[in-house]
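K.L.:
Input model_32.csv, format and content: CSV, C-alpha atoms.
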```csv
chain,number,residue,atom,x,y,z
D,1,MET,CA,-147.1,93.2,152.2
D,2,GLN,CA,-148.6,92.8,148.7
D,3,GLN,CA,-152.3,93.1,149.6
D,4,PHE,CA,-154.6,94.1,152.3
D,5,ASP,CA,-156.9,91.4,153.6
D,6,GLN,CA,-160.3,91.5,155.4
D,7,VAL,CA,-160.9,95.1,154.4
D,8,SER,CA,-163.7,97.2,153.0
D,9,VAL,CA,-163.2,99.3,149.8
D,10,ILE,CA,-165.4,102.2,149.0
D,11,LYS,CA,-166.5,101.8,145.4
D,12,LYS,CA,-166.4,105.4,144.3
D,13,ALA,CA,-163.0,107.0,143.7
D,14,ASN,CA,-161.7,110.2,145.2
D,15,ILE,CA,-160.9,112.4,142.2
D,16,TYR,CA,-158.8,115.6,142.4
D,17,PHE,CA,-157.2,117.9,139.8
D,18,ASP,CA,-159.4,116.8,136.9
D,19,GLY,CA,-158.5,113.1,137.5
D,20,LYS,CA,-154.7,113.7,137.6
D,21,VAL,CA,-154.8,112.6,141.2
D,22,THR,CA,-157.2,109.8,142.2
D,23,SER,CA,-157.5,107.3,145.0
D,24,ARG,CA,-159.6,104.5,146.5
D,25,THR,CA,-160.4,104.4,150.2
D,26,VAL,CA,-159.7,101.2,152.1
D,27,LEU,CA,-161.3,100.7,155.6
D,28,PHE,CA,-159.8,98.4,158.2
D,29,ALA,CA,-161.4,96.4,160.9
D,30,ASP,CA,-159.5,98.4,163.6
D,31,GLY,CA,-161.2,101.6,162.4
D,32,THR,CA,-158.2,102.9,160.5
D,33,LYS,CA,-158.3,104.1,156.9
D,34,LYS,CA,-155.8,104.1,154.0
D,35,THR,CA,-156.0,105.4,150.5
D,36,LEU,CA,-154.4,103.7,147.5
D,37,GLY,CA,-153.8,106.4,144.9
D,38,ILE,CA,-152.3,107.5,141.6
D,39,MET,CA,-150.7,110.8,140.7
D,40,LEU,CA,-149.9,111.8,137.1
D,41,PRO,CA,-146.9,114.1,136.4
D,42,GLY,CA,-147.6,117.7,137.5
D,43,GLU,CA,-147.3,120.0,140.5
D,44,TYR,CA,-149.8,119.8,143.4
D,45,GLU,CA,-150.4,121.1,146.9
D,46,PHE,CA,-152.3,119.2,149.5
D,47,GLY,CA,-153.6,119.9,153.0
D,48,THR,CA,-153.8,117.3,155.7
D,49,ALA,CA,-156.4,117.0,158.4
D,50,ALA,CA,-155.0,114.0,160.4
D,51,ALA,CA,-151.3,113.2,160.2
D,52,GLU,CA,-150.4,111.1,157.1
D,53,LEU,CA,-147.8,108.5,156.2
D,54,MET,CA,-147.2,108.4,152.5
D,55,GLU,CA,-145.6,105.2,151.1
D,56,MET,CA,-144.3,105.2,147.5
D,57,LEU,CA,-145.3,102.0,145.7
D,58,ALA,CA,-144.0,103.2,142.2
D,59,GLY,CA,-142.8,106.3,140.5
D,60,GLU,CA,-140.8,109.3,141.6
D,61,MET,CA,-141.6,112.8,142.9
D,62,ASP,CA,-140.2,115.7,144.8
D,63,VAL,CA,-141.7,116.7,148.1
D,64,LEU,CA,-141.6,120.0,150.0
D,65,LEU,CA,-142.7,119.2,153.5
D,66,PRO,CA,-144.1,121.8,156.0
D,67,GLY,CA,-141.3,123.7,157.7
D,68,GLU,CA,-138.7,122.4,155.4
D,69,ILE,CA,-136.7,124.6,153.0
D,70,GLY,CA,-135.4,122.0,150.5
D,71,TRP,CA,-137.3,119.6,148.3
D,72,ARG,CA,-136.8,115.9,148.9
D,73,THR,CA,-136.9,113.3,146.1
D,74,VAL,CA,-138.8,110.1,147.0
D,75,LYS,CA,-139.2,107.0,144.9
D,76,ALA,CA,-140.6,103.4,145.2
D,77,GLY,CA,-139.9,102.0,148.6
D,78,ASP,CA,-139.5,105.4,150.3
D,79,SER,CA,-142.0,107.0,152.7
D,80,PHE,CA,-142.6,110.3,154.4
D,81,GLN,CA,-144.8,111.7,157.2
D,82,VAL,CA,-146.8,114.9,157.0
D,83,SER,CA,-148.1,116.4,160.3
D,84,ALA,CA,-151.8,117.1,160.9
D,85,ASN,CA,-153.4,120.3,159.7
D,86,SER,CA,-150.5,121.3,157.4
D,87,ARG,CA,-149.8,121.7,153.7
D,88,PHE,CA,-147.2,120.1,151.5
D,89,LYS,CA,-146.2,120.5,147.9
D,90,LEU,CA,-145.4,117.8,145.3
D,91,LYS,CA,-143.6,117.8,141.9
D,92,VAL,CA,-144.6,114.5,140.4
D,93,ASN,CA,-142.0,113.5,137.9
D,94,THR,CA,-143.4,110.1,136.7
D,95,VAL,CA,-146.7,108.3,137.3
D,96,VAL,CA,-146.8,107.7,141.1
D,97,ASP,CA,-148.6,104.9,142.8
D,98,TYR,CA,-148.9,105.5,146.6
D,99,CYS,CA,-150.5,104.3,149.8
D,100,CYS,CA,-151.5,106.9,152.3
D,101,SER,CA,-152.2,105.9,156.0
D,102,TYR,CA,-154.1,108.3,158.2
D,103,ALA,CA,-153.6,108.7,162.0
D,104,ILE,CA,-156.7,108.3,164.1
F,1,MET,CA,-173.9,99.0,147.2
F,2,GLN,CA,-171.5,101.7,148.2
F,3,GLN,CA,-168.6,99.5,149.3
F,4,PHE,CA,-167.2,96.0,149.1
F,5,ASP,CA,-166.7,94.3,152.5
F,6,GLN,CA,-164.6,91.4,153.6
F,7,VAL,CA,-162.3,91.7,150.5
F,8,SER,CA,-158.6,91.8,149.7
F,9,VAL,CA,-157.1,94.6,147.8
F,10,ILE,CA,-153.8,94.3,145.9
F,11,LYS,CA,-151.7,97.3,146.9
F,12,LYS,CA,-150.0,97.9,143.5
F,13,ALA,CA,-152.0,99.6,140.9
F,14,ASN,CA,-152.6,98.3,137.4
F,15,ILE,CA,-151.3,101.2,135.2
F,16,TYR,CA,-152.0,101.5,131.4
F,17,PHE,CA,-151.6,104.2,128.7
F,18,ASP,CA,-149.0,106.2,130.8
F,19,GLY,CA,-151.3,106.4,133.8
F,20,LYS,CA,-154.4,107.6,131.8
F,21,VAL,CA,-156.1,104.3,132.7
F,22,THR,CA,-155.4,102.8,136.1
F,23,SER,CA,-157.2,100.4,138.4
F,24,ARG,CA,-157.0,98.4,141.7
F,25,THR,CA,-157.7,94.7,142.0
F,26,VAL,CA,-160.2,93.6,144.5
F,27,LEU,CA,-160.4,89.9,145.5
F,28,PHE,CA,-163.5,88.3,146.9
F,29,ALA,CA,-163.8,85.3,149.2
F,30,ASP,CA,-165.7,83.4,146.5
F,31,GLY,CA,-162.7,83.5,144.3
F,32,THR,CA,-164.0,86.2,142.0
F,33,LYS,CA,-162.2,89.4,141.1
F,34,LYS,CA,-163.2,93.0,140.3
F,35,THR,CA,-161.2,96.1,139.4
F,36,LEU,CA,-162.0,99.6,140.4
F,37,GLY,CA,-160.6,102.0,137.8
F,38,ILE,CA,-160.2,105.5,136.5
F,39,MET,CA,-160.0,106.5,132.8
F,40,LEU,CA,-159.0,110.0,131.8
F,41,PRO,CA,-160.4,111.5,128.6
F,42,GLY,CA,-158.9,109.9,125.5
F,43,GLU,CA,-159.4,107.0,123.0
F,44,TYR,CA,-158.5,103.4,124.1
F,45,GLU,CA,-158.8,99.9,122.9
F,46,PHE,CA,-158.9,96.9,125.3
F,47,GLY,CA,-158.9,93.2,124.9
F,48,THR,CA,-160.7,90.8,127.3
F,49,ALA,CA,-159.6,87.4,128.4
F,50,ALA,CA,-162.6,86.4,130.6
F,51,ALA,CA,-166.0,88.0,129.9
F,52,GLU,CA,-166.3,91.4,131.6
F,53,LEU,CA,-169.2,93.4,133.1
F,54,MET,CA,-168.3,97.1,133.2
F,55,GLU,CA,-170.3,99.3,135.6
F,56,MET,CA,-170.1,103.1,135.2
F,57,LEU,CA,-169.7,104.8,138.6
F,58,ALA,CA,-169.1,108.3,137.3
F,59,GLY,CA,-168.3,110.1,134.0
F,60,GLU,CA,-169.3,109.5,130.4
F,61,MET,CA,-167.8,107.6,127.4
F,62,ASP,CA,-168.7,106.1,124.1
F,63,VAL,CA,-168.2,102.4,123.6
F,64,LEU,CA,-167.9,100.3,120.4
F,65,LEU,CA,-168.5,96.7,121.4
F,66,PRO,CA,-167.3,93.7,119.4
F,67,GLY,CA,-169.7,92.9,116.6
F,68,GLU,CA,-171.6,96.2,116.9
F,69,ILE,CA,-171.5,98.9,114.2
F,70,GLY,CA,-172.6,101.9,116.2
F,71,TRP,CA,-171.0,103.5,119.2
F,72,ARG,CA,-173.0,103.5,122.4
F,73,THR,CA,-172.9,106.3,125.0
F,74,VAL,CA,-172.7,105.2,128.7
F,75,LYS,CA,-172.7,107.2,131.8
F,76,ALA,CA,-173.0,106.8,135.6
F,77,GLY,CA,-175.4,104.0,136.5
F,78,ASP,CA,-175.1,102.3,133.1
F,79,SER,CA,-173.3,99.0,132.5
F,80,PHE,CA,-172.3,96.9,129.5
F,81,GLN,CA,-170.9,93.4,129.0
F,82,VAL,CA,-168.0,92.4,126.8
F,83,SER,CA,-167.6,88.8,125.7
F,84,ALA,CA,-164.5,86.8,126.5
F,85,ASN,CA,-161.4,87.0,124.2
F,86,SER,CA,-162.6,90.0,122.3
F,87,ARG,CA,-161.7,93.7,121.8
F,88,PHE,CA,-163.6,96.8,122.4
F,89,LYS,CA,-163.0,100.5,121.9
F,90,LEU,CA,-163.7,103.5,124.1
F,91,LYS,CA,-163.9,107.2,123.6
F,92,VAL,CA,-163.7,108.6,127.1
F,93,ASN,CA,-165.4,112.1,127.2
F,94,THR,CA,-165.0,113.0,130.9
F,95,VAL,CA,-163.1,111.3,133.8
F,96,VAL,CA,-164.6,107.9,134.2
F,97,ASP,CA,-164.8,105.9,137.4
F,98,TYR,CA,-165.7,102.3,136.8
F,99,CYS,CA,-166.1,98.8,138.3
F,100,CYS,CA,-165.2,95.9,136.2
F,101,SER,CA,-166.3,92.3,137.1
F,102,TYR,CA,-164.6,89.3,135.6
F,103,ALA,CA,-166.4,86.0,134.8
F,104,ILE,CA,-164.7,82.9,136.3
```
Output the structure of this file as structure tokens.
P.N.:
Amino acid sequence: MQQFDQVSVIKKANIYFDGKVTSRTVLFADGTKKTLGIMLPGEYEFGTAAAELMEMLAGEMDVLLPGEIGWRTVKAGDSFQVSANSRFKLKVNTVVDYCCSYAI
Amino acid sequence: MQQFDQVSVIKKANIYFDGKVTSRTVLFADGTKKTLGIMLPGEYEFGTAAAELMEMLAGEMDVLLPGEIGWRTVKAGDSFQVSANSRFKLKVNTVVDYCCSYAI
């Protein structure tokens, strides 16, 4: 799917790490939420509240998921899940464009 | 207005200047288009096709508009227009969050 239809978009961006990670929140009629975001090269750690599904739209990065020992490389077309209330680490190798879906 | 409702959002980001300028395209039922974008500190030059209205959602930058001699400082809440088929220069001082509307 190339676009989301019949949605709402919150105008103000979500801005993290001095603008190196930013996203826009997209709200769906069924009450669910996604963010469409950009990550510039660098190393980051994030924490989840709800469980998240991260879909890679462009770029490449390495991911260390909670409870895993080895880093995993993901690129455009790949996706990974992060459990609720947990932390995960990223090494962003190239500019990453992603879509994050949040469990309700 | 805090959000756009009943719109479509193109999933893939528009990425410029190695990710220092990125945006998402929002499509409206009346056929118009806007982009919601982020600019990291730096100096940029852009060219317009259609005329554009730039609204500052956050941050501060200096703008040199076509045909003007002096730079203008704009910040959150400010807006400026750029005529069609022209070029304009920006000196982005802090992370800028903006909304760009395109004439049809």
K.L.:
If you count only C-alpha atoms, which residues fall within 12 Å of D:Ala103, apart from same-chain ones fewer than 2 positions away, as a compact mmCIF listing (two decimals) with C-alpha atoms, in the frame of the given file?
P.N.:
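Listing of part02.txt after writing:
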```txt
# COMPACT_ATOMS: atom_id res chain seq x y z
CA ASP D 30 -159.50 98.40 163.60
CA GLY D 31 -161.20 101.60 162.40
CA THR D 32 -158.20 102.90 160.50
CA LYS D 33 -158.30 104.10 156.90
CA LYS D 34 -155.80 104.10 154.00
CA THR D 48 -153.80 117.30 155.70
CA ALA D 49 -156.40 117.00 158.40
CA ALA D 50 -155.00 114.00 160.40
CA ALA D 51 -151.30 113.20 160.20
CA GLU D 52 -150.40 111.10 157.10
CA LEU D 53 -147.80 108.50 156.20
CA MET D 54 -147.20 108.40 152.50
CA GLN D 81 -144.80 111.70 157.20
CA VAL D 82 -146.80 114.90 157.00
CA SER D 83 -148.10 116.40 160.30
CA ALA D 84 -151.80 117.10 160.90
CA ASN D 85 -153.40 120.30 159.70
CA CYS D 100 -151.50 106.90 152.30
CA SER D 101 -152.20 105.90 156.00
```
K.L.:
In Å, with one decimal, what is the gap from atom CA of F:Phe4 to atom CA of D:Val21?
P.N.:
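Atom CA of D:Val21 lies 22.2 Å from atom CA of F:Phe4.
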K.L.:
Show me, as a ChimeraX atom specification, the residues that have an atom within 12 Å of F:Phe80 when counting all atoms listed in the file, minus same-chain residues fewer than 4 positions from it.
P.N.:
/F:51-56,61-66,72-76,88,98-101
K.L.:
Just how far from atom CA of D:Phe28 is atom CA of D:Leu40, in Å to one decimal?
P.N.:
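Here the two named atoms are 26.9 Å from each other.
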K.L.:
Which chain D residues have any atom within 8 Å of an atom of chain F, and for each, what is the nearest pair of atoms with distance in Å to one decimal, counting only C-alpha atoms, rows sorted by chain and number, as JSON lines?
P.N.:
```
{"residue": "D:Gln2", "atom": "CA", "partner": "F:Lys11", "partner_atom": "CA", "distance": 5.8}
{"residue": "D:Gln3", "atom": "CA", "partner": "F:Ile10", "partner_atom": "CA", "distance": 4.2}
{"residue": "D:Phe4", "atom": "CA", "partner": "F:Val9", "partner_atom": "CA", "distance": 5.2}
{"residue": "D:Asp5", "atom": "CA", "partner": "F:Ser8", "partner_atom": "CA", "distance": 4.3}
{"residue": "D:Gln6", "atom": "CA", "partner": "F:Gln6", "partner_atom": "CA", "distance": 4.7}
{"residue": "D:Val7", "atom": "CA", "partner": "F:Gln6", "partner_atom": "CA", "distance": 5.3}
{"residue": "D:Ser8", "atom": "CA", "partner": "F:Asp5", "partner_atom": "CA", "distance": 4.2}
{"residue": "D:Val9", "atom": "CA", "partner": "F:Phe4", "partner_atom": "CA", "distance": 5.2}
{"residue": "D:Ile10", "atom": "CA", "partner": "F:Gln3", "partner_atom": "CA", "distance": 4.2}
{"residue": "D:Lys11", "atom": "CA", "partner": "F:Gln3", "partner_atom": "CA", "distance": 5.0}
{"residue": "D:Lys12", "atom": "CA", "partner": "F:Leu57", "partner_atom": "CA", "distance": 6.6}
{"residue": "D:Ala13", "atom": "CA", "partner": "F:Asp97", "partner_atom": "CA", "distance": 6.6}
{"residue": "D:Asp18", "atom": "CA", "partner": "F:Val95", "partner_atom": "CA", "distance": 7.3}
{"residue": "D:Gly19", "atom": "CA", "partner": "F:Val95", "partner_atom": "CA", "distance": 6.2}
{"residue": "D:Thr22", "atom": "CA", "partner": "F:Ile38", "partner_atom": "CA", "distance": 7.7}
{"residue": "D:Leu36", "atom": "CA", "partner": "F:Lys11", "partner_atom": "CA", "distance": 7.0}
{"residue": "D:Ile38", "atom": "CA", "partner": "F:Thr22", "partner_atom": "CA", "distance": 7.9}
{"residue": "D:Leu40", "atom": "CA", "partner": "F:Gly19", "partner_atom": "CA", "distance": 6.5}
{"residue": "D:Leu57", "atom": "CA", "partner": "F:Lys12", "partner_atom": "CA", "distance": 6.6}
{"residue": "D:Val95", "atom": "CA", "partner": "F:Gly19", "partner_atom": "CA", "distance": 6.1}
{"residue": "D:Asp97", "atom": "CA", "partner": "F:Ala13", "partner_atom": "CA", "distance": 6.6}
{"residue": "D:Cys99", "atom": "CA", "partner": "F:Lys11", "partner_atom": "CA", "distance": 7.7}
```
K.L.:
Now that the selection is made, can you save its residues with C-alpha atoms as a short mmCIF file (atom, residue, chain, number, x, y, z; two decimals), in the frame of the given file?
P.N.:
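Okay, this is what ended up in result.cif:
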```
data_model
loop_
_atom_site.label_atom_id
_atom_site.label_comp_id
_atom_site.auth_asym_id
_atom_site.auth_seq_id
_atom_site.Cartn_x
_atom_site.Cartn_y
_atom_site.Cartn_z
CA GLN D 2 -148.60 92.80 148.70
CA GLN D 3 -152.30 93.10 149.60
CA PHE D 4 -154.60 94.10 152.30
CA ASP D 5 -156.90 91.40 153.60
CA GLN D 6 -160.30 91.50 155.40
CA VAL D 7 -160.90 95.10 154.40
CA SER D 8 -163.70 97.20 153.00
CA VAL D 9 -163.20 99.30 149.80
CA ILE D 10 -165.40 102.20 149.00
CA LYS D 11 -166.50 101.80 145.40
CA LYS D 12 -166.40 105.40 144.30
CA ALA D 13 -163.00 107.00 143.70
CA ASP D 18 -159.40 116.80 136.90
CA GLY D 19 -158.50 113.10 137.50
CA THR D 22 -157.20 109.80 142.20
CA LEU D 36 -154.40 103.70 147.50
CA ILE D 38 -152.30 107.50 141.60
CA LEU D 40 -149.90 111.80 137.10
CA LEU D 57 -145.30 102.00 145.70
CA VAL D 95 -146.70 108.30 137.30
CA ASP D 97 -148.60 104.90 142.80
CA CYS D 99 -150.50 104.30 149.80
#
```
K.L.:
Suppose you want the space between atom CA of D:Gly59 and atom CA of D:Ser79; what is it in Å?
P.N.:
12.2 Å
K.L.:
Superimpose chain F on chain D so that the squared distances between all in-order C-alpha pairs are minimised, and send the result as a CSV table (one decimal) with C-alpha atoms, in the frame of the given file.
P.N.:
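The new file result_4.csv reads:
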```
chain,number,residue,atom,x,y,z
F,1,MET,CA,-147.1,93.2,152.2
F,2,GLN,CA,-148.5,92.9,148.7
F,3,GLN,CA,-152.2,93.1,149.6
F,4,PHE,CA,-154.6,94.2,152.3
F,5,ASP,CA,-157.0,91.4,153.6
F,6,GLN,CA,-160.2,91.5,155.4
F,7,VAL,CA,-160.9,95.1,154.4
F,8,SER,CA,-163.7,97.2,152.9
F,9,VAL,CA,-163.2,99.3,149.9
F,10,ILE,CA,-165.4,102.3,149.0
F,11,LYS,CA,-166.5,101.8,145.4
F,12,LYS,CA,-166.4,105.5,144.3
F,13,ALA,CA,-163.1,107.0,143.7
F,14,ASN,CA,-161.7,110.1,145.3
F,15,ILE,CA,-160.9,112.4,142.2
F,16,TYR,CA,-158.8,115.6,142.4
F,17,PHE,CA,-157.1,117.9,139.8
F,18,ASP,CA,-159.4,116.8,136.9
F,19,GLY,CA,-158.5,113.1,137.4
F,20,LYS,CA,-154.7,113.7,137.6
F,21,VAL,CA,-154.8,112.6,141.3
F,22,THR,CA,-157.2,109.9,142.2
F,23,SER,CA,-157.4,107.3,145.0
F,24,ARG,CA,-159.6,104.5,146.6
F,25,THR,CA,-160.5,104.4,150.3
F,26,VAL,CA,-159.7,101.3,152.1
F,27,LEU,CA,-161.3,100.6,155.6
F,28,PHE,CA,-159.8,98.4,158.2
F,29,ALA,CA,-161.5,96.4,160.9
F,30,ASP,CA,-159.5,98.4,163.5
F,31,GLY,CA,-161.2,101.6,162.4
F,32,THR,CA,-158.2,102.9,160.5
F,33,LYS,CA,-158.3,104.1,156.9
F,34,LYS,CA,-155.8,104.1,154.0
F,35,THR,CA,-156.0,105.4,150.4
F,36,LEU,CA,-154.4,103.8,147.5
F,37,GLY,CA,-153.7,106.4,144.8
F,38,ILE,CA,-152.3,107.4,141.5
F,39,MET,CA,-150.7,110.8,140.7
F,40,LEU,CA,-149.9,111.8,137.1
F,41,PRO,CA,-146.9,114.1,136.4
F,42,GLY,CA,-147.6,117.6,137.5
F,43,GLU,CA,-147.3,120.1,140.5
F,44,TYR,CA,-149.8,119.7,143.4
F,45,GLU,CA,-150.4,121.1,146.8
F,46,PHE,CA,-152.3,119.1,149.5
F,47,GLY,CA,-153.5,119.9,153.0
F,48,THR,CA,-153.8,117.3,155.7
F,49,ALA,CA,-156.4,117.0,158.4
F,50,ALA,CA,-155.0,114.0,160.4
F,51,ALA,CA,-151.3,113.2,160.2
F,52,GLU,CA,-150.4,111.2,157.1
F,53,LEU,CA,-147.8,108.5,156.3
F,54,MET,CA,-147.3,108.4,152.5
F,55,GLU,CA,-145.7,105.2,151.1
F,56,MET,CA,-144.3,105.2,147.5
F,57,LEU,CA,-145.3,102.1,145.7
F,58,ALA,CA,-144.0,103.1,142.3
F,59,GLY,CA,-142.8,106.3,140.5
F,60,GLU,CA,-140.8,109.3,141.6
F,61,MET,CA,-141.6,112.8,142.9
F,62,ASP,CA,-140.2,115.7,144.8
F,63,VAL,CA,-141.8,116.7,148.0
F,64,LEU,CA,-141.6,120.0,150.0
F,65,LEU,CA,-142.8,119.2,153.5
F,66,PRO,CA,-144.1,121.8,155.9
F,67,GLY,CA,-141.3,123.6,157.7
F,68,GLU,CA,-138.6,122.3,155.4
F,69,ILE,CA,-136.7,124.6,153.0
F,70,GLY,CA,-135.4,122.0,150.5
F,71,TRP,CA,-137.3,119.7,148.3
F,72,ARG,CA,-136.8,116.0,148.9
F,73,THR,CA,-136.9,113.3,146.1
F,74,VAL,CA,-138.8,110.1,146.9
F,75,LYS,CA,-139.3,107.0,144.9
F,76,ALA,CA,-140.6,103.4,145.2
F,77,GLY,CA,-139.9,102.0,148.7
F,78,ASP,CA,-139.5,105.4,150.3
F,79,SER,CA,-142.0,107.0,152.7
F,80,PHE,CA,-142.5,110.3,154.4
F,81,GLN,CA,-144.8,111.7,157.1
F,82,VAL,CA,-146.8,114.9,157.0
F,83,SER,CA,-148.1,116.4,160.3
F,84,ALA,CA,-151.7,117.0,160.9
F,85,ASN,CA,-153.4,120.3,159.7
F,86,SER,CA,-150.6,121.3,157.4
F,87,ARG,CA,-149.8,121.7,153.7
F,88,PHE,CA,-147.3,120.1,151.5
F,89,LYS,CA,-146.2,120.4,147.9
F,90,LEU,CA,-145.4,117.8,145.3
F,91,LYS,CA,-143.6,117.8,142.0
F,92,VAL,CA,-144.6,114.5,140.4
F,93,ASN,CA,-141.9,113.4,137.8
F,94,THR,CA,-143.3,110.1,136.7
F,95,VAL,CA,-146.7,108.3,137.4
F,96,VAL,CA,-146.8,107.7,141.1
F,97,ASP,CA,-148.6,104.9,142.8
F,98,TYR,CA,-148.9,105.5,146.5
F,99,CYS,CA,-150.4,104.3,149.9
F,100,CYS,CA,-151.5,106.9,152.3
F,101,SER,CA,-152.2,106.0,156.0
F,102,TYR,CA,-154.2,108.3,158.2
F,103,ALA,CA,-153.6,108.7,162.0
F,104,ILE,CA,-156.7,108.3,164.1
```
K.L.:
As lines of an AutoDock Vina configuration file, what would the box around stretch 54-61 of chain D look like: edges along x, y and z, 8 Å added on every side, centre and edge lengths in Å to one decimal?
P.N.:
```
center_x = -144.0
center_y = 107.4
center_z = 146.5
size_x = 22.4
size_y = 26.8
size_z = 28.0
```
K.L.:
Write out as a list in words which residues come within 9 Å of D:Phe46 when counting all atoms listed in the file, dropping same-chain ones fewer than 4 positions away.
P.N.:
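So, after excluding close chain neighbours, the residues are Ser86, Arg87, Phe88, Lys89 and Leu90 of chain D.
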K.L.:
Reconstruct all heavy atoms of stretch 22-29 of chain D from the incomplete input and present them as a short mmCIF file (atom, residue, chain, number, x, y, z; two decimals), keeping the file's coordinate frame.
P.N.:
```
data_model
loop_
_atom_site.label_atom_id
_atom_site.label_comp_id
_atom_site.auth_asym_id
_atom_site.auth_seq_id
_atom_site.Cartn_x
_atom_site.Cartn_y
_atom_site.Cartn_z
N THR D 22 -156.04 110.56 141.79
CA THR D 22 -157.20 109.80 142.20
C THR D 22 -156.83 108.76 143.23
O THR D 22 -155.66 108.35 143.28
CB THR D 22 -157.85 109.06 140.99
OG1 THR D 22 -156.88 108.15 140.45
CG2 THR D 22 -158.28 110.03 139.91
N SER D 23 -157.82 108.32 144.02
CA SER D 23 -157.50 107.30 145.00
C SER D 23 -158.76 106.50 145.38
O SER D 23 -159.88 106.92 145.09
CB SER D 23 -156.89 107.89 146.28
OG SER D 23 -157.83 108.72 146.95
N ARG D 24 -158.53 105.33 146.00
CA ARG D 24 -159.60 104.50 146.50
C ARG D 24 -159.42 104.41 148.06
O ARG D 24 -158.27 104.26 148.50
CB ARG D 24 -159.59 103.09 145.98
CG ARG D 24 -159.75 102.96 144.53
CD ARG D 24 -161.13 103.18 144.02
NE ARG D 24 -161.06 103.39 142.56
CZ ARG D 24 -162.12 103.60 141.81
NH1 ARG D 24 -163.32 103.64 142.33
NH2 ARG D 24 -161.97 103.79 140.52
N THR D 25 -160.50 104.48 148.78
CA THR D 25 -160.40 104.40 150.20
C THR D 25 -160.60 102.96 150.70
O THR D 25 -161.56 102.29 150.31
CB THR D 25 -161.52 105.30 150.85
OG1 THR D 25 -161.32 106.65 150.41
CG2 THR D 25 -161.49 105.25 152.36
N VAL D 26 -159.67 102.53 151.57
CA VAL D 26 -159.70 101.20 152.10
C VAL D 26 -159.91 101.30 153.63
O VAL D 26 -159.19 102.06 154.31
CB VAL D 26 -158.34 100.46 151.84
CG1 VAL D 26 -158.38 99.02 152.36
CG2 VAL D 26 -158.03 100.45 150.34
N LEU D 27 -160.91 100.60 154.14
CA LEU D 27 -161.30 100.70 155.60
C LEU D 27 -160.90 99.39 156.26
O LEU D 27 -161.20 98.30 155.76
CB LEU D 27 -162.79 100.93 155.68
CG LEU D 27 -163.33 102.13 154.92
CD1 LEU D 27 -164.86 102.15 154.95
CD2 LEU D 27 -162.76 103.43 155.47
N PHE D 28 -160.26 99.54 157.43
CA PHE D 28 -159.80 98.40 158.20
C PHE D 28 -160.63 98.09 159.38
O PHE D 28 -161.28 98.99 159.93
CB PHE D 28 -158.30 98.63 158.59
CG PHE D 28 -157.35 98.66 157.42
CD1 PHE D 28 -157.33 99.73 156.53
CD2 PHE D 28 -156.50 97.58 157.18
CE1 PHE D 28 -156.48 99.73 155.44
CE2 PHE D 28 -155.65 97.58 156.09
CZ PHE D 28 -155.64 98.66 155.21
N ALA D 29 -160.59 96.82 159.82
CA ALA D 29 -161.40 96.40 160.90
C ALA D 29 -161.13 97.17 162.21
O ALA D 29 -162.00 97.37 163.05
CB ALA D 29 -161.28 94.89 161.16
#
```
